[in-house]
Amino acid sequence: MGSKTRKIQVRDLTIGGGAPIAVQSMCATHTQDIDATLKQIADLEAKGADLIRIAIDNAKDVEALKQIRKATKARLVVDLQENFPLAESVAPYVDKIRYNPGHLHHLDKSKSIQEKVAWIVSIAKTHGIALRIGVNCGSVAPEFLERYAGNHVKAIVESAAWHCELLDQMHFTNYVVSLKDSDPQKVVICNKEFSIRRPDVPIHLGVTEAGLLPDGVIKTRIAFEQLIPAGIGDTIRVSLTLPNSEKHQEITWGHKIIDDIKEGRFVSVPDFGKGLNIISCPSCSRVENGDFVKLAMEVKEMTAYAKDNKLTIAVMGCRVNGPGETDDADLGLWCGPNTVTVKRKSETLGSFRYNEVLPILKKELDQLVLAR
């Protein structure tokens, strides 16, 4: 076990090149709740977090970030998602920025993707911070989805490789890449293919929307146990749907999985993935209603009767993951501030209050089970 990638620096933390695998998590508190966010940062650090990610969506979040930075020495990462223009505002207060290639087209449509990336890179150079090119299965850039229609894995890998080439041309090498999917086997395929293409680039591993315990840990292990022993993976996150008070479990499980792999303790789950698959995004500060986590747990309990049916139900907690990452599920719940949008594949069936949605979901699930 041990990566042969080049080394990059996130402040004083070395990632890649055989350095110990770094473990990270993301705050689930609202960034503008400074006290709660600082408490969660401290909790995550106490469990051994090497990097802690924070979501920044607007100018008020940036102002909160300034205060958070003054109060903690933790290595902070900002996730820009759709708001890449905020990079300049947050860069002085963080150690790393994650940008999603699939979200760059939303804003400043008069500028090319190359121009937008060049601007982000110039900011990273100015402030001496690292970047992560974060490609997600549910938000692959439309250009690559169109070019590789029918081959989602190829679109993910080619998007990541293209952005690496862009950064290299700009003489910026202090970056990592992530290629994530909710299907652990796709995570394995994507990362193996990418590591052949670019064995020099450090990789951040994760199974996105891994979901609730224990399934979320099992899905993550399925991917990590195939990749890490092959020398693929320099930094990781175990993305779990958890109440705020339990967020530190992402770090605990991350270290445990690394230790188990190092000691040769692998988990055999031959029947896993053959029946009902519930995916749910990790709780984070973008969740607009705390009942999202409770609803995900209720969905798991209510749907247990259909466990032998090969179906996927997605429970998403915000506007970033909700629309795109429920499209491929047989049934999807996109949780907003007051209502939950119910979907069948990409078709929207309606929006319902949190206390109304379970019977609606059961009716739809019954029909799918009967049809099979």
# chains A, B, ... in the order shown; residues from 1 in each chain; ligands from 1

call {"tool": "residues_around", "arguments": {"residues": "Leu276 (chain A)", "least_positions_apart": "6", "cutoff": "8 Å", "atoms": "only C-alpha atoms", "output": "ChimeraX atom specification"}}
result
/A:306-313

call {"tool": "write_last_selection", "arguments": {"atoms": "N, CA and C atoms", "output": "tab-separated table (two decimals), in the first residue's frame"}}
result
chain	number	residue	atom	x	y	z
A	306	ALA	N	-39.09	-4.38	0.76
A	306	ALA	CA	-38.72	-4.54	-0.65
A	306	ALA	C	-37.23	-4.84	-0.82
A	307	LYS	N	-36.58	-5.30	0.24
A	307	LYS	CA	-35.12	-5.41	0.25
A	307	LYS	C	-34.56	-6.37	-0.80
A	308	ASP	N	-35.37	-7.31	-1.28
A	308	ASP	CA	-34.86	-8.28	-2.26
A	308	ASP	C	-35.04	-7.83	-3.70
A	309	ASN	N	-35.60	-6.63	-3.90
A	309	ASN	CA	-35.81	-6.12	-5.24
A	309	ASN	C	-34.66	-5.20	-5.66
A	310	LYS	N	-34.13	-5.43	-6.84
A	310	LYS	CA	-33.01	-4.62	-7.32
A	310	LYS	C	-33.53	-3.27	-7.83
A	311	LEU	N	-33.70	-2.37	-6.89
A	311	LEU	CA	-34.19	-1.02	-7.17
A	311	LEU	C	-33.33	-0.03	-6.42
A	312	THR	N	-33.30	1.20	-6.90
A	312	THR	CA	-32.54	2.25	-6.23
A	312	THR	C	-33.47	3.39	-5.83
A	313	ILE	N	-33.37	3.79	-4.57
A	313	ILE	CA	-34.10	4.96	-4.06
A	313	ILE	C	-33.07	5.98	-3.60

call {"tool": "select_by_dssp", "arguments": {"residues": "region 57-141 of chain A", "states": "strand (DSSP E)", "output": "list in words"}}
result
Leu76, Val77, Val78, Asp79, Lys96, Ile97, Arg98, Tyr99, Ala130, Leu131, Arg132, Ile133, Gly134, Val135 and Asn136 of chain A

call {"tool": "residues_around", "arguments": {"residues": "Lys262 (chain A)", "least_positions_apart": "3", "cutoff": "10 Å", "atoms": "only C-alpha atoms", "output": "PyMOL selection string"}}
result
chain A and resi 1-2+225+228-229+256-259+265-266

call {"tool": "closest_residue", "arguments": {"among": "A:Glu143, A:Asp12, A:Asp330, A:Glu250", "to": "Ile113 (chain A)", "atoms": "only C-alpha atoms"}}
result
A:Glu143

call {"tool": "select_by_dssp", "arguments": {"residues": "region 30-275 of chain A", "states": "helix (DSSP H, G or I)", "output": "number ranges by chain"}}
result
A: 34-46, 59-71, 84-93, 101-103, 113-127, 137-139, 142-147, 152-169, 184-197, 215-230, 244-246, 249-262

call {"tool": "write_last_selection", "arguments": {"atoms": "C-alpha atoms", "output": "short mmCIF file (atom, residue, chain, number, x, y, z; two decimals), in the first residue's frame"}}
result
data_model
loop_
_atom_site.label_atom_id
_atom_site.label_comp_id
_atom_site.auth_asym_id
_atom_site.auth_seq_id
_atom_site.Cartn_x
_atom_site.Cartn_y
_atom_site.Cartn_z
CA ILE A 34 -20.12 30.41 13.56
CA ASP A 35 -20.19 28.90 17.04
CA ALA A 36 -21.77 25.64 15.88
CA THR A 37 -19.36 25.41 12.95
CA LEU A 38 -16.33 25.99 15.16
CA LYS A 39 -17.57 23.35 17.59
CA GLN A 40 -17.95 20.83 14.77
CA ILE A 41 -14.50 21.69 13.41
CA ALA A 42 -13.05 21.02 16.88
CA ASP A 43 -14.97 17.72 17.13
CA LEU A 44 -13.68 16.57 13.74
CA GLU A 45 -10.10 17.61 14.57
CA ALA A 46 -10.30 15.70 17.85
CA ALA A 59 -21.27 36.81 0.68
CA LYS A 60 -22.68 36.21 4.19
CA ASP A 61 -21.01 32.79 4.23
CA VAL A 62 -17.73 34.47 3.26
CA GLU A 63 -18.03 36.90 6.16
CA ALA A 64 -18.65 33.96 8.51
CA LEU A 65 -15.62 32.16 7.05
CA LYS A 66 -13.42 35.14 7.95
CA GLN A 67 -14.44 34.81 11.59
CA ILE A 68 -14.05 31.02 11.53
CA ARG A 69 -10.54 31.36 10.13
CA LYS A 70 -9.55 33.69 12.97
CA ALA A 71 -10.74 31.18 15.56
CA PHE A 84 -17.02 29.54 -8.54
CA PRO A 85 -16.84 33.41 -8.65
CA LEU A 86 -16.53 33.31 -4.84
CA ALA A 87 -13.05 31.79 -5.17
CA GLU A 88 -11.33 35.18 -4.93
CA SER A 89 -13.22 36.10 -1.75
CA VAL A 90 -12.53 32.84 0.10
CA ALA A 91 -8.94 32.16 -0.99
CA PRO A 92 -7.25 34.24 1.76
CA TYR A 93 -9.00 32.18 4.45
CA PRO A 101 -16.03 20.96 -13.55
CA GLY A 102 -19.70 20.14 -14.05
CA HIS A 103 -20.86 23.41 -12.49
CA ILE A 113 -14.38 27.01 -19.34
CA GLN A 114 -10.65 27.54 -19.99
CA GLU A 115 -10.93 31.20 -18.97
CA LYS A 116 -12.80 30.32 -15.79
CA VAL A 117 -10.27 27.66 -14.81
CA ALA A 118 -7.37 30.04 -15.56
CA TRP A 119 -8.93 32.58 -13.22
CA ILE A 120 -9.32 30.01 -10.40
CA VAL A 121 -5.72 28.86 -10.93
CA SER A 122 -4.41 32.43 -10.79
CA ILE A 123 -6.12 32.88 -7.42
CA ALA A 124 -4.69 29.61 -6.10
CA LYS A 125 -1.20 30.67 -7.20
CA THR A 126 -1.54 34.11 -5.63
CA HIS A 127 -2.56 32.68 -2.25
CA CYS A 137 -21.48 11.32 -11.31
CA GLY A 138 -24.61 13.48 -10.98
CA SER A 139 -23.10 16.68 -12.33
CA PRO A 142 -22.75 18.61 -20.32
CA GLU A 143 -20.04 18.77 -23.00
CA PHE A 144 -18.53 15.48 -21.82
CA LEU A 145 -21.89 13.77 -21.31
CA GLU A 146 -22.77 14.65 -24.89
CA ARG A 147 -19.40 13.62 -26.30
CA HIS A 152 -20.91 7.68 -18.10
CA VAL A 153 -17.63 6.32 -16.74
CA LYS A 154 -15.77 7.54 -19.83
CA ALA A 155 -17.33 11.01 -19.45
CA ILE A 156 -16.18 11.22 -15.81
CA VAL A 157 -12.62 10.08 -16.56
CA GLU A 158 -12.20 12.27 -19.64
CA SER A 159 -13.56 15.35 -17.85
CA ALA A 160 -11.06 14.87 -15.01
CA ALA A 161 -8.15 14.23 -17.40
CA TRP A 162 -9.00 17.28 -19.52
CA HIS A 163 -9.00 19.56 -16.49
CA CYS A 164 -5.67 18.11 -15.35
CA GLU A 165 -4.21 19.00 -18.75
CA LEU A 166 -5.58 22.53 -18.40
CA LEU A 167 -3.92 23.03 -15.01
CA ASP A 168 -0.66 21.53 -16.28
CA GLN A 169 -0.64 23.94 -19.22
CA PRO A 184 -18.75 1.69 -5.49
CA GLN A 185 -17.89 -0.47 -8.51
CA LYS A 186 -18.08 2.57 -10.79
CA VAL A 187 -15.80 4.39 -8.34
CA VAL A 188 -13.30 1.55 -8.72
CA ILE A 189 -13.48 1.56 -12.53
CA CYS A 190 -13.23 5.35 -12.84
CA ASN A 191 -10.28 5.66 -10.50
CA LYS A 192 -8.39 2.72 -12.00
CA GLU A 193 -8.82 4.11 -15.49
CA PHE A 194 -7.79 7.60 -14.41
CA SER A 195 -4.74 6.35 -12.51
CA ILE A 196 -3.52 4.62 -15.67
CA ARG A 197 -3.97 7.84 -17.62
CA ASP A 215 -24.60 0.44 4.28
CA GLY A 216 -22.63 3.65 3.74
CA VAL A 217 -19.53 2.13 5.31
CA ILE A 218 -19.97 -1.14 3.38
CA LYS A 219 -20.23 0.69 0.03
CA THR A 220 -17.17 2.76 0.89
CA ARG A 221 -15.18 -0.31 1.89
CA ILE A 222 -16.09 -2.11 -1.33
CA ALA A 223 -14.38 0.68 -3.26
CA PHE A 224 -11.49 1.43 -0.92
CA GLU A 225 -10.53 -2.22 -0.43
CA GLN A 226 -10.01 -2.56 -4.18
CA LEU A 227 -8.26 0.76 -4.76
CA ILE A 228 -6.02 1.51 -1.77
CA PRO A 229 -4.09 -1.81 -1.87
CA ALA A 230 -3.41 -1.04 -5.55
CA ASN A 244 -24.98 16.70 13.17
CA SER A 245 -23.90 15.31 16.53
CA GLU A 246 -22.51 12.17 14.83
CA GLN A 249 -18.08 9.16 12.59
CA GLU A 250 -16.91 9.96 9.04
CA ILE A 251 -13.42 10.49 10.45
CA THR A 252 -13.55 7.51 12.79
CA TRP A 253 -14.62 5.18 9.98
CA GLY A 254 -12.06 6.67 7.60
CA HIS A 255 -9.18 5.86 9.93
CA LYS A 256 -10.62 2.43 10.72
CA ILE A 257 -10.92 1.46 7.06
CA ILE A 258 -7.34 2.57 6.37
CA ASP A 259 -6.05 0.63 9.40
CA ASP A 260 -8.04 -2.48 8.43
CA ILE A 261 -6.69 -2.43 4.88
CA LYS A 262 -3.16 -1.94 6.18
#

call {"tool": "closest_residue", "arguments": {"among": "A:Ser346, A:Ile15, A:Leu51, A:Val176", "to": "Glu325 (chain A)", "atoms": "only C-alpha atoms"}}
result
A:Ser346

call {"tool": "closest_residue", "arguments": {"among": "A:Thr326, A:Ser283, A:Asn355, A:Gln367", "to": "His30 (chain A)", "atoms": "only C-alpha atoms"}}
result
A:Ser283

call {"tool": "atom_distance", "arguments": {"atom1": "CA of Pro20 (chain A)", "atom2": "CA of Val78 (chain A)"}}
result
22.2 Å

call {"tool": "residues_around", "arguments": {"residues": "Asp200 (chain A)", "least_positions_apart": "3", "cutoff": "8 Å", "atoms": "only C-alpha atoms", "output": "ChimeraX atom specification"}}
result
/A:4-6,195

call {"tool": "write_last_selection", "arguments": {"atoms": "C-alpha atoms", "output": "mmCIF file, in the first residue's frame"}}
result
data_model
loop_
_atom_site.group_PDB
_atom_site.id
_atom_site.type_symbol
_atom_site.label_atom_id
_atom_site.label_comp_id
_atom_site.auth_asym_id
_atom_site.auth_seq_id
_atom_site.Cartn_x
_atom_site.Cartn_y
_atom_site.Cartn_z
ATOM 1 C CA LYS A 4 3.411 6.712 -6.386
ATOM 2 C CA THR A 5 1.824 10.042 -7.237
ATOM 3 C CA ARG A 6 3.620 13.342 -6.912
ATOM 4 C CA SER A 195 -4.741 6.353 -12.506
#

call {"tool": "residues_around", "arguments": {"residues": "Val287 (chain A)", "least_positions_apart": "2", "cutoff": "12 Å", "atoms": "only C-alpha atoms", "output": "PyMOL selection string"}}
result
chain A and resi 27-31+55+241-244+280-285+289-293+315-322+334-338

call {"tool": "write_last_selection", "arguments": {"atoms": "C-alpha atoms", "output": "compact mmCIF listing (two decimals), in the first residue's frame"}}
result
# COMPACT_ATOMS: atom_id res chain seq x y z
CA CYS A 27 -19.10 20.45 8.30
CA ALA A 28 -22.85 19.87 8.38
CA THR A 29 -23.58 23.04 10.34
CA HIS A 30 -24.74 26.19 8.59
CA THR A 31 -21.59 28.18 7.92
CA ALA A 55 -19.68 25.06 2.00
CA THR A 241 -25.82 10.53 6.15
CA LEU A 242 -25.61 11.36 9.86
CA PRO A 243 -27.15 13.67 12.45
CA ASN A 244 -24.98 16.70 13.17
CA SER A 280 -28.48 9.43 0.40
CA CYS A 281 -26.10 12.35 0.32
CA PRO A 282 -23.87 13.10 3.30
CA SER A 283 -25.38 15.64 5.64
CA CYS A 284 -23.73 19.02 5.05
CA SER A 285 -24.35 22.73 5.51
CA ASN A 289 -34.16 21.14 6.50
CA GLY A 290 -32.74 19.05 9.32
CA ASP A 291 -35.58 16.56 8.82
CA PHE A 292 -33.70 15.31 5.74
CA VAL A 293 -31.61 12.93 7.87
CA VAL A 315 -32.77 10.71 -0.86
CA MET A 316 -31.02 14.03 -1.50
CA GLY A 317 -30.80 16.93 0.93
CA CYS A 318 -30.24 20.08 -1.13
CA ARG A 319 -30.55 21.92 -4.44
CA VAL A 320 -26.97 21.02 -5.47
CA ASN A 321 -27.40 17.23 -5.33
CA GLY A 322 -31.18 17.03 -5.57
CA TRP A 334 -35.25 15.80 -3.33
CA CYS A 335 -35.59 17.53 0.04
CA GLY A 336 -36.12 21.29 0.10
CA PRO A 337 -36.75 23.73 2.96
CA ASN A 338 -40.44 22.84 3.39
